[in-house]
Amino acid sequence: MKVITISLLLIIQITYAQEKELDSIKRRVDTYLQRDSTRVQLLNQLTKYYTLRDISKSKALLLEAIEISKEIGYISGLGSSYTGYSIFHTQSGNYDKGLVYALKAKKIQDSINDVSGLLLTNNCMARIYIHLKKSKKAIKIQLENLELLKNQPLSPQKAGIHFYLANAYGDINNFEEAEFHYKKAKYIAKETKFTTGVYIANSSLGVLANRRGEFKEAIHYLKPTLKFYEENNQLANIAHTNLEMAKSYANLGNVNKAIEFTSKAIRIYKNQKNLKSLQSAYLNQSNFYKRINNYLKANKFLEDHYKIKDSLFSYDNKVVMEEMQVKYETEKIKKDKELAEQKAIVVIAQKRQNKEYFIITLAGIGFLFLLSLFYFERTKIKRKAIFLSRELEETQKRLEIEKQYKESELKALKSQMNPHFIFNSLNSIQDLILQQNTDSSYDYIVLFAQLVRNTLNYSSKNFIVIEKELEFLDVYLQLEKLRFEDDFTYTIQSINTEGLSVLSLMVQPFIENALLHGLLHKAGKKQLTIDFTFTDHLLCTIIDNGIGRKEAKKIQERQGNHHESFALNAIQQRLEILKDQYGTDVGYQIFDLYNDQLAMGTRVEIRMPYQKEY
């Protein structure tokens, strides 16, 4: 079950925070600047408002609260701040980090027996476990919380525990238990005059009704709840309830109404930079437009969905690479330590043996001979130690070079066949199919399959024969021509290159760069020329008649895109490593082409590594 993302986790916090106006707390934070426990409490209190209204404003406040708590040794404040920071990451969809800070908070609260803090942190952990598909853990935590509070009077804390028990039971499709605990949470909220809790429970019952297929009943719960959230400016809850309303109306056949509600949620998630929720909302909107046969807007929202998915994937990959780097360094240090210890044992054993030999020899042939022998052995050990040290240094250098080369190969591979190119190719093929152009669509599907297959085959090889490289580039450009249509023409030729093998998957990123930044924005005829020439070295020249680098940079700045080319950076690193490893003079240069100061395109010259086959 995709549990409701509204913040009943803050049930205790809201009870107190609603007693004061937001502006009053903001004024106190702005005027009380002394770095002590009072400021920590004010900062944490202000974040409770922002969690329901604008979660992005909470981060800076929580980081300051954590920093002050550490400075002054305010242990309970640090635990509360960690809990708030866990809630921030959980609300933002970063559940792994949310769990890390919840565990930090729990450790502190256990040590000082902070029962109230533990209950809130346990609620947060239970919510995270539900999102991580570990609902049984969430149920166990909340049942323990209920046991802690069984002799206590009704309170928002108890409502919160019943709420998250309901979420956990719903996640394992136990709808009866889920409904029981949602209604229990609603009852306790009413009894304790916790109005927000009542509406949150109603919203949850609406979500549950949607899951059961009772869409009219879901609207009955969700409609007044949405009005309450809007009156109280609770943006996160407004966005989520709009998505649930959209689901209800879509299933009742009113797709236009569903599109209207989803649009409202998208605007909120954009402002809050909540990428994971925005990704899901884009996908829903694409499906809704597809149902009313508006394929243009359906494709736009689907493309936006994949853009966010790509950025989240890149971020996850970056985290994985950093973790692999740390693991590599840790293992390297461990192996170096073990090697040093083994050598130390050998040296100690040799010294012990020499000492015993010295004593035996002293008795037989005299002090002078034994002393000479001892000196000789010491010199021998010293030289051997120096030799082993140098050998170890050379081995470490070689391993480091190999590591860098493998990493550069990985980056180069990742730069090929980017998801946007794949999406554009498939989208163009889809258009041909919709136009009933069966022959052309089949031809391009065959080309696309060939390109993907060759990419996978060549990625495992350092060098491939130049004929295969030319064939690979031709297939790639045929697919790109499908996007540019008849305005785009290209030529590929090679001179005196028979019997040569070239570095695999190296030229395509430069061609992609020329298409994306040079030719995409050019009006009229678009031309691209690729020449391979071999004299005493192998030179690849790429010429386009695009808008030039200067104009392309202006377009990037207008679009707010300051990202450097990942593919070209990976290629540059790969070339530098080859240059160091083999002493090969390789690299590339980019020249701007002008005619009377008018930009006429760009020329790229790549001095490529090669091998002769015969």
# chains A, B, ... in the order shown; residues from 1 in each chain; ligands from 1
$ select_by_dssp --residues "segment 378-590 of chain A" --states "strand (DSSP E)" --output "VMD selection string"
chain A and resid 463 to 465 488 to 495 500 to 503 526 to 534 538 to 544 587 to 590
$ write_last_selection --atoms "N, CA and C atoms" --output "compact mmCIF listing (two decimals), in the first residue's frame"
# COMPACT_ATOMS: atom_id res chain seq x y z
N PHE A 463 39.46 -2.00 -28.26
CA PHE A 463 39.58 -1.58 -29.65
C PHE A 463 38.68 -2.44 -30.54
N ILE A 464 38.10 -1.80 -31.58
CA ILE A 464 37.34 -2.52 -32.59
C ILE A 464 37.84 -2.07 -33.96
N VAL A 465 37.65 -2.92 -35.00
CA VAL A 465 38.12 -2.55 -36.33
C VAL A 465 37.34 -1.32 -36.79
N PHE A 488 18.17 17.31 -42.26
CA PHE A 488 19.48 16.88 -41.78
C PHE A 488 20.12 15.89 -42.76
N THR A 489 21.38 16.18 -43.15
CA THR A 489 22.15 15.27 -43.99
C THR A 489 23.53 15.07 -43.37
N TYR A 490 24.14 13.92 -43.65
CA TYR A 490 25.46 13.65 -43.09
C TYR A 490 26.26 12.79 -44.06
N THR A 491 27.59 12.87 -43.91
CA THR A 491 28.50 12.00 -44.68
C THR A 491 29.56 11.44 -43.75
N ILE A 492 29.94 10.19 -43.98
CA ILE A 492 31.02 9.54 -43.22
C ILE A 492 31.99 8.95 -44.23
N GLN A 493 33.28 9.30 -44.12
CA GLN A 493 34.27 8.73 -45.03
C GLN A 493 35.58 8.49 -44.30
N SER A 494 36.38 7.58 -44.85
CA SER A 494 37.68 7.28 -44.24
C SER A 494 38.71 7.17 -45.35
N ILE A 495 39.93 7.61 -45.05
CA ILE A 495 41.02 7.64 -46.03
C ILE A 495 42.22 6.92 -45.44
N LEU A 500 43.11 -0.88 -39.59
CA LEU A 500 43.25 -0.19 -38.31
C LEU A 500 42.11 -0.57 -37.38
N SER A 501 42.42 -0.60 -36.08
CA SER A 501 41.40 -0.73 -35.04
C SER A 501 41.45 0.54 -34.20
N VAL A 502 40.26 1.01 -33.78
CA VAL A 502 40.17 2.26 -33.03
C VAL A 502 39.55 1.99 -31.66
N LEU A 503 39.72 2.97 -30.78
CA LEU A 503 39.16 2.86 -29.43
C LEU A 503 37.63 2.86 -29.53
N LYS A 526 20.68 21.25 -42.22
CA LYS A 526 21.66 20.91 -41.19
C LYS A 526 22.59 19.85 -41.78
N GLN A 527 23.91 20.11 -41.75
CA GLN A 527 24.87 19.21 -42.36
C GLN A 527 25.93 18.78 -41.35
N LEU A 528 26.34 17.53 -41.45
CA LEU A 528 27.35 16.99 -40.56
C LEU A 528 28.30 16.13 -41.40
N THR A 529 29.63 16.39 -41.24
CA THR A 529 30.65 15.64 -41.98
C THR A 529 31.61 14.98 -41.01
N ILE A 530 31.89 13.68 -41.22
CA ILE A 530 32.80 12.93 -40.34
C ILE A 530 33.86 12.30 -41.23
N ASP A 531 35.14 12.66 -41.00
CA ASP A 531 36.26 12.14 -41.80
C ASP A 531 37.27 11.46 -40.90
N PHE A 532 37.68 10.23 -41.24
CA PHE A 532 38.78 9.54 -40.59
C PHE A 532 39.96 9.53 -41.58
N THR A 533 41.12 10.05 -41.15
CA THR A 533 42.30 10.12 -42.02
C THR A 533 43.50 9.58 -41.27
N PHE A 534 44.29 8.71 -41.94
CA PHE A 534 45.49 8.18 -41.30
C PHE A 534 46.72 8.55 -42.13
N LEU A 538 46.25 8.81 -36.50
CA LEU A 538 44.84 8.70 -36.89
C LEU A 538 44.10 9.94 -36.42
N LEU A 539 43.47 10.66 -37.37
CA LEU A 539 42.76 11.90 -37.06
C LEU A 539 41.30 11.74 -37.50
N CYS A 540 40.38 12.05 -36.58
CA CYS A 540 38.95 12.09 -36.89
C CYS A 540 38.50 13.55 -36.84
N THR A 541 37.90 14.03 -37.92
CA THR A 541 37.43 15.42 -37.99
C THR A 541 35.91 15.42 -38.13
N ILE A 542 35.25 16.20 -37.25
CA ILE A 542 33.78 16.30 -37.24
C ILE A 542 33.43 17.77 -37.49
N ILE A 543 32.69 18.05 -38.56
CA ILE A 543 32.34 19.43 -38.91
C ILE A 543 30.81 19.52 -39.01
N ASP A 544 30.24 20.53 -38.31
CA ASP A 544 28.81 20.81 -38.44
C ASP A 544 28.61 22.26 -38.84
N GLY A 587 44.27 13.18 -27.98
CA GLY A 587 43.52 14.29 -27.41
C GLY A 587 42.58 14.87 -28.46
N TYR A 588 41.88 15.96 -28.12
CA TYR A 588 40.99 16.58 -29.08
C TYR A 588 41.00 18.09 -28.92
N GLN A 589 40.65 18.80 -30.02
CA GLN A 589 40.54 20.25 -30.03
C GLN A 589 39.24 20.63 -30.72
N ILE A 590 38.66 21.76 -30.29
CA ILE A 590 37.40 22.25 -30.87
C ILE A 590 37.65 23.65 -31.43
$ atom_distance --atom1 "atom CA of Lys468 of chain A" --atom2 "atom CA of Asn454 of chain A"
9.1 Å
$ atom_distance --atom1 "atom CA of Asp171 of chain A" --atom2 "atom CA of Ser135 of chain A"
6.6 Å
$ residues_around --residues "segment 244-255 of chain A" --least-positions-apart "4" --cutoff "12 Å" --atoms "only C-alpha atoms" --output "PyMOL selection string"
chain A and resi 2-5+203-226+237-240+259-266+281+284-294
$ write_last_selection --atoms "N, CA and C atoms" --output "compact mmCIF listing (two decimals), in the first residue's frame"
# COMPACT_ATOMS: atom_id res chain seq x y z
N LYS A 2 0.58 2.17 -0.91
CA LYS A 2 1.32 3.44 -0.88
C LYS A 2 0.66 4.31 0.16
N VAL A 3 1.23 4.40 1.33
CA VAL A 3 0.59 5.06 2.46
C VAL A 3 0.51 6.54 2.23
N ILE A 4 -0.46 7.15 2.94
CA ILE A 4 -0.65 8.59 2.82
C ILE A 4 0.58 9.33 3.33
N THR A 5 0.98 10.36 2.62
CA THR A 5 2.24 11.04 2.96
C THR A 5 2.04 12.27 3.83
N SER A 203 -9.00 11.73 5.61
CA SER A 203 -8.26 11.60 4.36
C SER A 203 -7.76 10.18 4.18
N SER A 204 -7.26 9.58 5.25
CA SER A 204 -6.76 8.21 5.18
C SER A 204 -7.89 7.22 4.86
N LEU A 205 -9.06 7.46 5.44
CA LEU A 205 -10.20 6.61 5.13
C LEU A 205 -10.60 6.75 3.66
N GLY A 206 -10.41 7.97 3.12
CA GLY A 206 -10.66 8.18 1.70
C GLY A 206 -9.71 7.38 0.83
N VAL A 207 -8.42 7.38 1.22
CA VAL A 207 -7.42 6.60 0.49
C VAL A 207 -7.79 5.12 0.54
N LEU A 208 -8.20 4.66 1.72
CA LEU A 208 -8.57 3.25 1.88
C LEU A 208 -9.78 2.90 1.00
N ALA A 209 -10.74 3.83 0.92
CA ALA A 209 -11.91 3.60 0.08
C ALA A 209 -11.50 3.50 -1.40
N ASN A 210 -10.57 4.32 -1.82
CA ASN A 210 -10.06 4.22 -3.20
C ASN A 210 -9.47 2.84 -3.46
N ARG A 211 -8.69 2.34 -2.50
CA ARG A 211 -8.06 1.03 -2.66
C ARG A 211 -9.11 -0.09 -2.74
N ARG A 212 -10.22 0.12 -2.05
CA ARG A 212 -11.27 -0.90 -2.09
C ARG A 212 -12.17 -0.77 -3.32
N GLY A 213 -11.98 0.29 -4.11
CA GLY A 213 -12.83 0.51 -5.27
C GLY A 213 -14.11 1.24 -4.94
N GLU A 214 -14.20 1.82 -3.74
CA GLU A 214 -15.40 2.56 -3.32
C GLU A 214 -15.15 4.05 -3.56
N PHE A 215 -15.21 4.47 -4.83
CA PHE A 215 -14.71 5.79 -5.21
C PHE A 215 -15.64 6.93 -4.77
N LYS A 216 -16.93 6.70 -4.78
CA LYS A 216 -17.84 7.75 -4.30
C LYS A 216 -17.66 7.99 -2.81
N GLU A 217 -17.49 6.90 -2.06
CA GLU A 217 -17.24 7.05 -0.61
C GLU A 217 -15.92 7.76 -0.37
N ALA A 218 -14.91 7.48 -1.22
CA ALA A 218 -13.62 8.16 -1.09
C ALA A 218 -13.79 9.66 -1.23
N ILE A 219 -14.56 10.11 -2.25
CA ILE A 219 -14.79 11.55 -2.45
C ILE A 219 -15.51 12.14 -1.25
N HIS A 220 -16.44 11.37 -0.67
CA HIS A 220 -17.17 11.82 0.52
C HIS A 220 -16.20 12.16 1.66
N TYR A 221 -15.14 11.37 1.83
CA TYR A 221 -14.14 11.64 2.87
C TYR A 221 -13.17 12.76 2.45
N LEU A 222 -12.77 12.74 1.17
CA LEU A 222 -11.66 13.59 0.73
C LEU A 222 -12.07 15.04 0.49
N LYS A 223 -13.29 15.28 0.01
CA LYS A 223 -13.68 16.63 -0.37
C LYS A 223 -13.64 17.62 0.80
N PRO A 224 -14.29 17.33 1.94
CA PRO A 224 -14.20 18.28 3.08
C PRO A 224 -12.79 18.35 3.66
N THR A 225 -12.05 17.24 3.57
CA THR A 225 -10.68 17.25 4.07
C THR A 225 -9.81 18.22 3.28
N LEU A 226 -9.97 18.20 1.94
CA LEU A 226 -9.21 19.11 1.08
C LEU A 226 -9.52 20.56 1.41
N ASN A 237 -0.26 18.24 2.47
CA ASN A 237 -1.52 17.50 2.55
C ASN A 237 -2.46 17.86 1.40
N ILE A 238 -2.43 19.14 0.96
CA ILE A 238 -3.25 19.56 -0.17
C ILE A 238 -2.86 18.78 -1.42
N ALA A 239 -1.55 18.70 -1.69
CA ALA A 239 -1.06 18.02 -2.89
C ALA A 239 -1.48 16.55 -2.89
N HIS A 240 -1.25 15.88 -1.75
CA HIS A 240 -1.58 14.45 -1.71
C HIS A 240 -3.08 14.20 -1.86
N ILE A 259 -7.63 15.36 -14.26
CA ILE A 259 -6.52 16.18 -14.76
C ILE A 259 -6.43 17.49 -13.98
N GLU A 260 -7.58 18.08 -13.66
CA GLU A 260 -7.61 19.35 -12.91
C GLU A 260 -6.99 19.18 -11.52
N PHE A 261 -7.35 18.12 -10.82
CA PHE A 261 -6.81 17.90 -9.47
C PHE A 261 -5.31 17.58 -9.54
N THR A 262 -4.90 16.78 -10.51
CA THR A 262 -3.48 16.42 -10.63
C THR A 262 -2.63 17.65 -10.92
N SER A 263 -3.13 18.59 -11.73
CA SER A 263 -2.39 19.82 -12.04
C SER A 263 -2.10 20.62 -10.78
N LYS A 264 -3.08 20.67 -9.87
CA LYS A 264 -2.87 21.39 -8.61
C LYS A 264 -1.75 20.74 -7.78
N ALA A 265 -1.74 19.41 -7.74
CA ALA A 265 -0.69 18.71 -6.99
C ALA A 265 0.67 18.96 -7.61
N ILE A 266 0.74 18.96 -8.94
CA ILE A 266 2.03 19.16 -9.64
C ILE A 266 2.61 20.52 -9.30
N ALA A 281 3.32 12.03 -10.03
CA ALA A 281 2.22 12.87 -10.51
C ALA A 281 2.27 13.05 -12.02
N ASN A 284 0.92 9.91 -13.69
CA ASN A 284 -0.54 9.87 -13.62
C ASN A 284 -1.16 10.80 -14.65
N GLN A 285 -0.62 12.03 -14.76
CA GLN A 285 -1.18 13.00 -15.69
C GLN A 285 -1.04 12.53 -17.14
N SER A 286 0.11 11.89 -17.44
CA SER A 286 0.31 11.35 -18.79
C SER A 286 -0.76 10.30 -19.11
N ASN A 287 -1.03 9.43 -18.15
CA ASN A 287 -2.05 8.39 -18.38
C ASN A 287 -3.45 9.00 -18.56
N PHE A 288 -3.75 10.07 -17.79
CA PHE A 288 -5.06 10.71 -17.92
C PHE A 288 -5.23 11.32 -19.31
N TYR A 289 -4.21 12.05 -19.79
CA TYR A 289 -4.31 12.66 -21.12
C TYR A 289 -4.41 11.59 -22.21
N LYS A 290 -3.74 10.46 -22.01
CA LYS A 290 -3.82 9.38 -22.98
C LYS A 290 -5.26 8.85 -23.07
N ARG A 291 -5.95 8.83 -21.92
CA ARG A 291 -7.33 8.32 -21.91
C ARG A 291 -8.28 9.22 -22.69
N ILE A 292 -7.96 10.53 -22.82
CA ILE A 292 -8.83 11.41 -23.61
C ILE A 292 -8.22 11.67 -24.99
N ASN A 293 -7.23 10.81 -25.37
CA ASN A 293 -6.62 10.83 -26.70
C ASN A 293 -5.84 12.11 -27.00
N ASN A 294 -5.37 12.80 -25.97
CA ASN A 294 -4.50 13.97 -26.16
C ASN A 294 -3.07 13.47 -26.03
$ residues_around --residues "segment 269-271 of chain A" --least-positions-apart "5" --cutoff "12 Å" --atoms "only C-alpha atoms" --output "number ranges by chain"
A: 53-57, 91-93, 235-240, 242-243, 262-264, 276-282, 304, 308
$ write_last_selection --atoms "C-alpha atoms" --output "short mmCIF file (atom, residue, chain, number, x, y, z; two decimals), in the first residue's frame"
data_model
loop_
_atom_site.label_atom_id
_atom_site.label_comp_id
_atom_site.auth_asym_id
_atom_site.auth_seq_id
_atom_site.Cartn_x
_atom_site.Cartn_y
_atom_site.Cartn_z
CA ARG A 53 3.21 24.18 4.79
CA ASP A 54 6.59 24.34 2.99
CA ILE A 55 8.93 21.47 3.89
CA SER A 56 11.86 23.03 1.97
CA LYS A 57 12.16 25.80 4.61
CA GLN A 91 8.68 14.07 3.77
CA SER A 92 11.11 14.68 0.88
CA GLY A 93 11.07 10.99 -0.09
CA LEU A 235 0.57 22.34 1.18
CA ALA A 236 1.91 18.79 1.51
CA ASN A 237 -1.52 17.50 2.55
CA ILE A 238 -3.25 19.56 -0.17
CA ALA A 239 -1.06 18.02 -2.89
CA HIS A 240 -1.58 14.45 -1.71
CA ASN A 242 -5.61 16.33 -4.82
CA LEU A 243 -3.91 13.20 -6.20
CA THR A 262 -3.48 16.42 -10.63
CA SER A 263 -2.39 19.82 -12.04
CA LYS A 264 -2.87 21.39 -8.61
CA LYS A 276 9.79 11.64 -6.13
CA SER A 277 6.17 12.77 -5.68
CA LEU A 278 6.41 14.96 -8.79
CA GLN A 279 7.67 11.99 -10.83
CA SER A 280 4.59 9.95 -9.84
CA ALA A 281 2.22 12.87 -10.51
CA TYR A 282 3.65 13.37 -14.02
CA ASP A 304 8.89 15.05 -17.77
CA ILE A 308 13.05 13.32 -13.15
#
$ atom_distance --atom1 "atom CA of Arg603 of chain A" --atom2 "atom CA of Tyr476 of chain A"
19.6 Å
$ residues_around --residues "Leu46 of chain A" --least-positions-apart "2" --cutoff "9 Å" --atoms "only C-alpha atoms" --output "VMD selection string"
chain A and resid 17 22 25 to 26 29 41 to 44 48 to 51 58 61
$ select_by_dssp --residues "segment 90-286 of chain A" --states "helix (DSSP H, G or I)" --output "PyMOL selection string"
chain A and resi 90-91+95-111+115-131+135-148+156-171+175-191+195-212+215-231+235-251+255-272+275-286
$ residues_around --residues "Glu576 of chain A" --least-positions-apart "3" --cutoff "8 Å" --atoms "only C-alpha atoms" --output "list in words"
Gln572, Gln573, Lys579, Asp580, Val586 and Gly587 of chain A
$ write_last_selection --atoms "N, CA and C atoms" --output "PDB file, in the first residue's frame"
ATOM      1  N   GLN A 572      37.731  12.762 -22.120  1.00  0.00           N
ATOM      2  CA  GLN A 572      39.005  13.440 -21.840  1.00  0.00           C
ATOM      3  C   GLN A 572      39.820  12.658 -20.815  1.00  0.00           C
ATOM      4  N   GLN A 573      39.160  12.200 -19.763  1.00  0.00           N
ATOM      5  CA  GLN A 573      39.868  11.426 -18.732  1.00  0.00           C
ATOM      6  C   GLN A 573      40.407  10.123 -19.312  1.00  0.00           C
ATOM      7  N   LYS A 579      47.256   8.186 -22.600  1.00  0.00           N
ATOM      8  CA  LYS A 579      48.491   8.912 -22.897  1.00  0.00           C
ATOM      9  C   LYS A 579      49.572   8.586 -21.883  1.00  0.00           C
ATOM     10  N   ASP A 580      49.171   8.526 -20.601  1.00  0.00           N
ATOM     11  CA  ASP A 580      50.141   8.192 -19.549  1.00  0.00           C
ATOM     12  C   ASP A 580      50.573   6.739 -19.624  1.00  0.00           C
ATOM     13  N   VAL A 586      47.548  11.624 -27.829  1.00  0.00           N
ATOM     14  CA  VAL A 586      46.130  11.628 -28.160  1.00  0.00           C
ATOM     15  C   VAL A 586      45.466  12.822 -27.491  1.00  0.00           C
ATOM     16  N   GLY A 587      44.271  13.184 -27.976  1.00  0.00           N
ATOM     17  CA  GLY A 587      43.519  14.294 -27.409  1.00  0.00           C
ATOM     18  C   GLY A 587      42.583  14.869 -28.455  1.00  0.00           C
TER      19      GLY A 587
END
$ residues_around --residues "Ile555 of chain A" --least-positions-apart "3" --cutoff "12 Å" --atoms "only C-alpha atoms" --output "short mmCIF file (atom, residue, chain, number, x, y, z; two decimals) with N, CA and C atoms, in the first residue's frame"
data_model
loop_
_atom_site.label_atom_id
_atom_site.label_comp_id
_atom_site.auth_asym_id
_atom_site.auth_seq_id
_atom_site.Cartn_x
_atom_site.Cartn_y
_atom_site.Cartn_z
N LEU A 516 23.20 18.07 -30.58
CA LEU A 516 22.42 18.67 -29.50
C LEU A 516 22.65 20.18 -29.39
N HIS A 517 23.92 20.60 -29.46
CA HIS A 517 24.24 22.01 -29.22
C HIS A 517 24.44 22.81 -30.50
N GLY A 518 24.79 22.15 -31.60
CA GLY A 518 25.07 22.88 -32.82
C GLY A 518 23.92 22.89 -33.81
N LEU A 520 20.64 21.28 -33.47
CA LEU A 520 19.26 21.20 -33.01
C LEU A 520 18.55 22.55 -33.12
N HIS A 521 19.29 23.63 -32.80
CA HIS A 521 18.67 24.96 -32.77
C HIS A 521 18.84 25.72 -34.09
N LYS A 522 19.43 25.09 -35.12
CA LYS A 522 19.65 25.77 -36.40
C LYS A 522 18.43 25.63 -37.29
N ILE A 547 24.94 26.41 -35.06
CA ILE A 547 24.89 27.81 -34.61
C ILE A 547 26.16 28.23 -33.90
N GLY A 548 27.09 27.32 -33.65
CA GLY A 548 28.35 27.66 -32.98
C GLY A 548 28.25 27.61 -31.48
N ARG A 549 29.41 27.48 -30.85
CA ARG A 549 29.45 27.30 -29.38
C ARG A 549 28.95 28.54 -28.63
N LYS A 550 29.27 29.73 -29.15
CA LYS A 550 28.90 30.96 -28.45
C LYS A 550 27.38 31.08 -28.36
N GLU A 551 26.69 30.87 -29.46
CA GLU A 551 25.22 30.98 -29.45
C GLU A 551 24.59 29.84 -28.65
N ALA A 552 25.20 28.62 -28.74
CA ALA A 552 24.68 27.48 -27.97
C ALA A 552 24.77 27.74 -26.47
N ARG A 558 19.99 30.79 -21.08
CA ARG A 558 18.57 31.21 -21.04
C ARG A 558 17.69 30.11 -20.47
N GLN A 559 18.05 28.89 -20.76
CA GLN A 559 17.27 27.75 -20.25
C GLN A 559 17.67 27.35 -18.85
N GLY A 560 18.67 28.04 -18.30
CA GLY A 560 19.11 27.72 -16.94
C GLY A 560 19.89 26.45 -16.84
N ASN A 561 20.50 26.00 -17.95
CA ASN A 561 21.26 24.74 -17.98
C ASN A 561 22.75 25.07 -17.99
N HIS A 562 23.44 24.91 -16.85
CA HIS A 562 24.87 25.18 -16.76
C HIS A 562 25.66 23.89 -16.62
#
